[in-house]
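A.B. asks: Questions regarding the structure given below will be posed in turn.
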Amino acid sequence: MKLYYMPGACSLAAHIIMRETGQTVELERVGRDKKTEHGENFLEVTPKGYVPALRMDDGEILTENIVVHNYLADLKPASKLAPAHGTKARLRQDELAVFISTEIHKTYGPMFNPATPEEARQIAKDKLATRYAMIEEMLADGRPYLTGENFATVDSYLFTVTRWAEPLKVDLSRFPLLAAFQKRVAERPAVKAALEAEGLVKAA
Ligand SMILES: N[C@@H](CCC(=O)N[C@@H](CS)C(=O)NCC(=O)O)C(=O)O
């Protein structure tokens, strides 16, 4: 399997999941010009032009974060990154994944565009504050990860998008449990390895 990625983009979540589940990690970096590091035209890989895109072993391309995350986790159920299909636990995890995607990930999106005016940035920041308050509330019972004791796909996703707060000047200082969560996830060996492989931290 090959993961098309951009360093530090949302594709980091799938990358972490591949490492957490012990799958062989083949990475292909995509540039802003939509050319990959080995000269592929990324728009021919996926006309959406978005990472993550996963080239599966049968050669087909899979896109959309949540679907890619669940596919990778379901390949390795023993890793327990996603509960079994058809269970209430899976339903709740999927609910959370969609919340992270539509309410958090996609709220950051416009802030990456230098043309987005300050007023729109502030609206996005205010919305993020209300969404992160809900995450903080979830963590208030002392659970280490979003769904409880086990690291799951949604933890990888939340960690990845929340890394953008600092460069985009989103103030998360009101959320100490979230800060502890980010630190906890960053300390996982698979996460460290993914961050190093994408050049986001220096190798220890
Ligand atoms: N609907 C897609 C969106 C993925 C997405 O937003 N990818 C961003 C990186 S986080 C991207 O590839 N942006 C490149 C661009 O806008 O040209 C999903 O949920 O997977």
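Ordering of the structure tokens sets the chain letters (A, B, ...), residue numbers begin anew at 1 in every chain, and ligands are numbered from 1 in the order given.
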I want to know what sits within 9 Å of A:Ile61, based on only C-alpha atoms, with residues of the same chain fewer than 6 positions away left out; could you give that as an MDAnalysis selection string?
C.D. replies: chainID A and resid 45:46 53:55
A.B. asks: Put those residues in a file: N, CA and C atoms, as a PDB file, in the first residue's frame.
C.D. replies:
```
ATOM      1  N   VAL A  45      -3.844  10.617 -10.073  1.00  0.00           N
ATOM      2  CA  VAL A  45      -4.044   9.629  -8.995  1.00  0.00           C
ATOM      3  C   VAL A  45      -5.457   9.811  -8.444  1.00  0.00           C
ATOM      4  N   THR A  46      -5.803  11.048  -8.116  1.00  0.00           N
ATOM      5  CA  THR A  46      -7.160  11.390  -7.668  1.00  0.00           C
ATOM      6  C   THR A  46      -7.511  12.780  -8.177  1.00  0.00           C
ATOM      7  N   ALA A  53      -4.513  10.002   0.016  1.00  0.00           N
ATOM      8  CA  ALA A  53      -4.997   9.064  -0.988  1.00  0.00           C
ATOM      9  C   ALA A  53      -4.182   7.796  -0.768  1.00  0.00           C
ATOM     10  N   LEU A  54      -4.873   6.700  -0.703  1.00  0.00           N
ATOM     11  CA  LEU A  54      -4.199   5.428  -0.405  1.00  0.00           C
ATOM     12  C   LEU A  54      -4.281   4.526  -1.628  1.00  0.00           C
ATOM     13  N   ARG A  55      -3.114   4.142  -2.145  1.00  0.00           N
ATOM     14  CA  ARG A  55      -3.088   3.135  -3.213  1.00  0.00           C
ATOM     15  C   ARG A  55      -3.142   1.772  -2.523  1.00  0.00           C
TER      16      ARG A  55
END
```
A.B. asks: What does the list of residues within 12 Å of ligand 1 look like if you count only C-alpha atoms and all ligand atoms, written as a CSV table (one decimal) with N, CA and C atoms, in the first residue's frame?
C.D. replies:
```csv
chain,number,residue,atom,x,y,z
A,4,TYR,N,-0.2,8.6,-0.3
A,4,TYR,CA,0.1,9.9,-0.8
A,4,TYR,C,-0.1,10.9,0.3
A,5,TYR,N,0.9,11.7,0.6
A,5,TYR,CA,0.8,12.6,1.8
A,5,TYR,C,1.4,14.0,1.5
A,6,MET,N,1.1,14.9,2.3
A,6,MET,CA,1.8,16.2,2.4
A,6,MET,C,2.2,16.3,3.8
A,7,PRO,N,3.5,16.7,4.1
A,7,PRO,CA,4.0,16.7,5.4
A,7,PRO,C,3.1,17.6,6.4
A,8,GLY,N,2.7,17.0,7.5
A,8,GLY,CA,1.9,17.7,8.5
A,8,GLY,C,0.4,17.9,8.1
A,9,ALA,N,0.0,17.6,6.9
A,9,ALA,CA,-1.4,17.7,6.5
A,9,ALA,C,-2.2,16.6,7.2
A,10,CYS,N,-3.5,16.6,6.9
A,10,CYS,CA,-4.4,15.6,7.5
A,10,CYS,C,-4.0,14.2,7.2
A,11,SER,N,-3.2,14.0,6.1
A,11,SER,CA,-2.8,12.6,5.8
A,11,SER,C,-1.9,12.0,6.9
A,12,LEU,N,-1.3,12.9,7.8
A,12,LEU,CA,-0.5,12.4,8.9
A,12,LEU,C,-1.3,11.4,9.7
A,13,ALA,N,-2.6,11.6,9.8
A,13,ALA,CA,-3.5,10.7,10.6
A,13,ALA,C,-3.4,9.3,10.1
A,14,ALA,N,-3.6,9.2,8.8
A,14,ALA,CA,-3.5,7.8,8.2
A,14,ALA,C,-2.1,7.2,8.3
A,29,ARG,N,5.3,11.7,-1.3
A,29,ARG,CA,5.0,13.1,-1.0
A,29,ARG,C,4.4,13.8,-2.2
A,30,VAL,N,3.4,14.6,-1.9
A,30,VAL,CA,2.8,15.4,-2.9
A,30,VAL,C,3.1,16.8,-2.7
A,31,GLY,N,3.5,17.5,-3.7
A,31,GLY,CA,3.9,18.9,-3.6
A,31,GLY,C,2.7,19.8,-3.8
A,32,ARG,N,2.8,21.1,-3.5
A,32,ARG,CA,1.7,22.1,-3.7
A,32,ARG,C,1.4,22.2,-5.2
A,33,ASP,N,2.3,21.8,-6.1
A,33,ASP,CA,2.1,21.9,-7.5
A,33,ASP,C,1.4,20.6,-8.0
A,34,LYS,N,1.0,19.7,-7.1
A,34,LYS,CA,0.3,18.5,-7.4
A,34,LYS,C,1.2,17.5,-8.2
A,35,LYS,N,2.5,17.7,-8.1
A,35,LYS,CA,3.4,16.6,-8.6
A,35,LYS,C,3.9,15.9,-7.4
A,42,PHE,N,-0.5,14.1,-9.5
A,42,PHE,CA,-1.4,13.7,-8.4
A,42,PHE,C,-2.8,13.8,-8.9
A,43,LEU,N,-3.1,14.7,-9.8
A,43,LEU,CA,-4.5,14.8,-10.2
A,43,LEU,C,-4.9,13.6,-11.1
A,46,THR,N,-5.8,11.0,-8.1
A,46,THR,CA,-7.2,11.4,-7.7
A,46,THR,C,-7.5,12.8,-8.2
A,47,PRO,N,-8.6,12.9,-8.9
A,47,PRO,CA,-8.9,14.2,-9.4
A,47,PRO,C,-9.3,15.2,-8.3
A,48,LYS,N,-9.6,14.7,-7.1
A,48,LYS,CA,-9.9,15.6,-6.0
A,48,LYS,C,-8.7,16.4,-5.6
A,49,GLY,N,-7.5,15.9,-5.9
A,49,GLY,CA,-6.2,16.6,-5.6
A,49,GLY,C,-6.0,16.7,-4.1
A,50,TYR,N,-6.7,15.9,-3.3
A,50,TYR,CA,-6.5,15.9,-1.8
A,50,TYR,C,-5.8,14.7,-1.3
A,51,VAL,N,-4.9,15.0,-0.3
A,51,VAL,CA,-4.4,13.9,0.5
A,51,VAL,C,-5.3,13.8,1.7
A,52,PRO,N,-5.4,12.6,2.3
A,52,PRO,CA,-4.8,11.4,2.0
A,52,PRO,C,-5.4,10.7,0.8
A,53,ALA,N,-4.5,10.0,0.0
A,53,ALA,CA,-5.0,9.1,-1.0
A,53,ALA,C,-4.2,7.8,-0.8
A,54,LEU,N,-4.9,6.7,-0.7
A,54,LEU,CA,-4.2,5.4,-0.4
A,54,LEU,C,-4.3,4.5,-1.6
A,62,LEU,N,-8.0,4.9,-2.7
A,62,LEU,CA,-9.1,5.2,-1.7
A,62,LEU,C,-8.8,6.6,-1.1
A,63,THR,N,-9.9,7.4,-1.0
A,63,THR,CA,-9.7,8.7,-0.5
A,63,THR,C,-10.7,8.9,0.6
A,64,GLU,N,-10.7,10.1,1.2
A,64,GLU,CA,-11.5,10.6,2.4
A,64,GLU,C,-11.0,10.0,3.7
A,65,ASN,N,-10.5,10.9,4.5
A,65,ASN,CA,-9.9,10.5,5.8
A,65,ASN,C,-10.5,9.4,6.5
A,66,ILE,N,-11.8,9.6,6.8
A,66,ILE,CA,-12.5,8.7,7.7
A,66,ILE,C,-12.5,7.3,7.1
A,67,VAL,N,-12.8,7.2,5.8
A,67,VAL,CA,-12.8,5.9,5.1
A,67,VAL,C,-11.5,5.3,5.1
A,68,VAL,N,-10.4,6.1,4.8
A,68,VAL,CA,-9.1,5.5,4.8
A,68,VAL,C,-8.7,5.0,6.2
A,69,HIS,N,-9.0,5.8,7.3
A,69,HIS,CA,-8.7,5.4,8.6
A,69,HIS,C,-9.3,4.1,9.0
A,97,ALA,N,-15.6,10.6,14.6
A,97,ALA,CA,-14.8,10.9,13.4
A,97,ALA,C,-15.4,11.9,12.5
A,98,VAL,N,-16.7,11.8,12.3
A,98,VAL,CA,-17.4,12.8,11.5
A,98,VAL,C,-17.4,14.2,12.2
A,99,PHE,N,-17.5,14.2,13.5
A,99,PHE,CA,-17.4,15.5,14.2
A,99,PHE,C,-16.1,16.1,14.0
A,100,ILE,N,-15.0,15.3,14.1
A,100,ILE,CA,-13.6,15.9,14.0
A,100,ILE,C,-13.5,16.4,12.5
A,101,SER,N,-14.0,15.6,11.6
A,101,SER,CA,-13.8,16.0,10.2
A,101,SER,C,-14.6,17.3,9.9
A,102,THR,N,-15.9,17.3,10.2
A,102,THR,CA,-16.7,18.4,9.7
A,102,THR,C,-16.7,19.6,10.6
A,103,GLU,N,-16.5,19.4,11.9
A,103,GLU,CA,-16.5,20.5,12.8
A,103,GLU,C,-15.2,21.1,13.2
A,104,ILE,N,-14.1,20.3,13.1
A,104,ILE,CA,-12.8,20.7,13.5
A,104,ILE,C,-11.9,20.8,12.3
A,105,HIS,N,-11.6,19.7,11.6
A,105,HIS,CA,-10.7,19.7,10.4
A,105,HIS,C,-11.2,20.8,9.4
A,106,LYS,N,-12.4,20.8,9.1
A,106,LYS,CA,-12.9,21.7,8.0
A,106,LYS,C,-13.0,23.1,8.4
A,107,THR,N,-13.0,23.3,9.7
A,107,THR,CA,-13.0,24.7,10.2
A,107,THR,C,-11.6,25.3,10.1
A,108,TYR,N,-10.6,24.5,10.3
A,108,TYR,CA,-9.3,25.0,10.1
A,108,TYR,C,-9.0,25.4,8.6
A,109,GLY,N,-9.6,24.6,7.7
A,109,GLY,CA,-9.3,24.7,6.3
A,109,GLY,C,-9.1,26.2,5.7
A,110,PRO,N,-10.1,27.0,5.8
A,110,PRO,CA,-10.0,28.4,5.2
A,110,PRO,C,-8.8,29.2,5.8
A,111,MET,N,-8.4,28.9,7.1
A,111,MET,CA,-7.3,29.6,7.7
A,111,MET,C,-6.0,29.4,7.0
A,112,PHE,N,-5.9,28.3,6.2
A,112,PHE,CA,-4.6,28.1,5.5
A,112,PHE,C,-4.5,29.0,4.3
A,113,ASN,N,-5.6,29.6,3.9
A,113,ASN,CA,-5.6,30.4,2.7
A,113,ASN,C,-5.3,31.9,3.1
A,157,TYR,N,-6.6,11.3,14.3
A,157,TYR,CA,-7.2,12.4,13.5
A,157,TYR,C,-7.2,13.7,14.3
A,160,THR,N,-3.7,15.1,14.8
A,160,THR,CA,-3.2,15.7,13.6
A,160,THR,C,-3.7,17.1,13.3
A,161,VAL,N,-5.0,17.2,13.4
A,161,VAL,CA,-5.6,18.6,13.0
A,161,VAL,C,-5.3,19.6,14.1
A,162,THR,N,-5.2,19.1,15.4
A,162,THR,CA,-4.9,20.1,16.5
A,162,THR,C,-3.5,20.6,16.5
A,163,ARG,N,-2.6,19.9,15.8
A,163,ARG,CA,-1.2,20.4,15.6
A,163,ARG,C,-1.2,21.7,14.8
A,164,TRP,N,-2.3,22.0,14.1
A,164,TRP,CA,-2.4,23.2,13.3
A,164,TRP,C,-2.7,24.5,14.1
```
A.B. asks: Counting only C-alpha atoms, what is within 12 Å of A:Ser173, bar same-chain residues fewer than 4 positions away, as a PDB file with C-alpha atoms, in the first residue's frame?
C.D. replies:
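The result, stored in selection.pdb:
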```pdb
ATOM      1  CA  ALA A 129     -13.291  27.067  20.707  1.00  0.00           C
ATOM      2  CA  TYR A 132     -12.737  21.970  21.545  1.00  0.00           C
ATOM      3  CA  ALA A 133     -14.780  22.716  24.665  1.00  0.00           C
ATOM      4  CA  GLU A 136     -12.330  18.942  26.797  1.00  0.00           C
ATOM      5  CA  ALA A 165      -3.587  25.409  16.143  1.00  0.00           C
ATOM      6  CA  GLU A 166      -0.188  26.839  16.927  1.00  0.00           C
ATOM      7  CA  LYS A 169      -2.697  31.126  16.102  1.00  0.00           C
ATOM      8  CA  LEU A 177      -6.833  18.285  29.078  1.00  0.00           C
ATOM      9  CA  LEU A 178      -6.542  18.698  25.327  1.00  0.00           C
ATOM     10  CA  ALA A 179      -2.944  19.895  25.755  1.00  0.00           C
ATOM     11  CA  ALA A 180      -2.179  16.808  27.857  1.00  0.00           C
TER      12      ALA A 180
END
```
A.B. asks: DSSP on the backbone: which residues in chain A end up as strand (DSSP E)? Give the answer as a count of residues only.
C.D. replies: 14
A.B. asks: Nearest to A:Gln93: which of A:Phe175, A:Phe181, A:Phe151, A:Phe159 is it, counting only C-alpha atoms?
C.D. replies: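 The shortest atom-to-atom distance to A:Gln93 comes from A:Phe151.
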A.B. asks: Which value, in Å to one decimal, gives the distance between atom CA of A:Pro189 and atom CA of A:Leu168?
C.D. replies: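 Atom CA of A:Pro189 sits 26.3 Å away from atom CA of A:Leu168.
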A.B. asks: Have a look at atom CA of A:Gln182 and atom CA of A:Val154 and let me know their distance in Å, one decimal.
C.D. replies: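 About the pair atom CA of A:Gln182 and atom CA of A:Val154: they are 12.6 Å apart.
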A.B. asks: To one decimal place, how far is atom CA of A:Ala190 from atom CA of A:Thr21 in Å?
C.D. replies: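 If I compute the distance from atom CA of A:Ala190 to atom CA of A:Thr21, I get 9.0 Å.
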A.B. asks: Nearest residue to A:Ser156 out of A:Met134, A:Asp57, A:Glu118, A:Glu20, using only C-alpha atoms?
C.D. replies: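 Using only C-alpha atoms, the shortest distance to A:Ser156 belongs to A:Glu20.
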A.B. asks: From the set A:Glu149, A:Arg131, A:Gly59, A:Met1, which residue has the shortest atom-to-atom contact distance to A:Leu172, counting only C-alpha atoms?
C.D. replies: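 With only C-alpha atoms as the atom set, the closest residue is A:Arg131.
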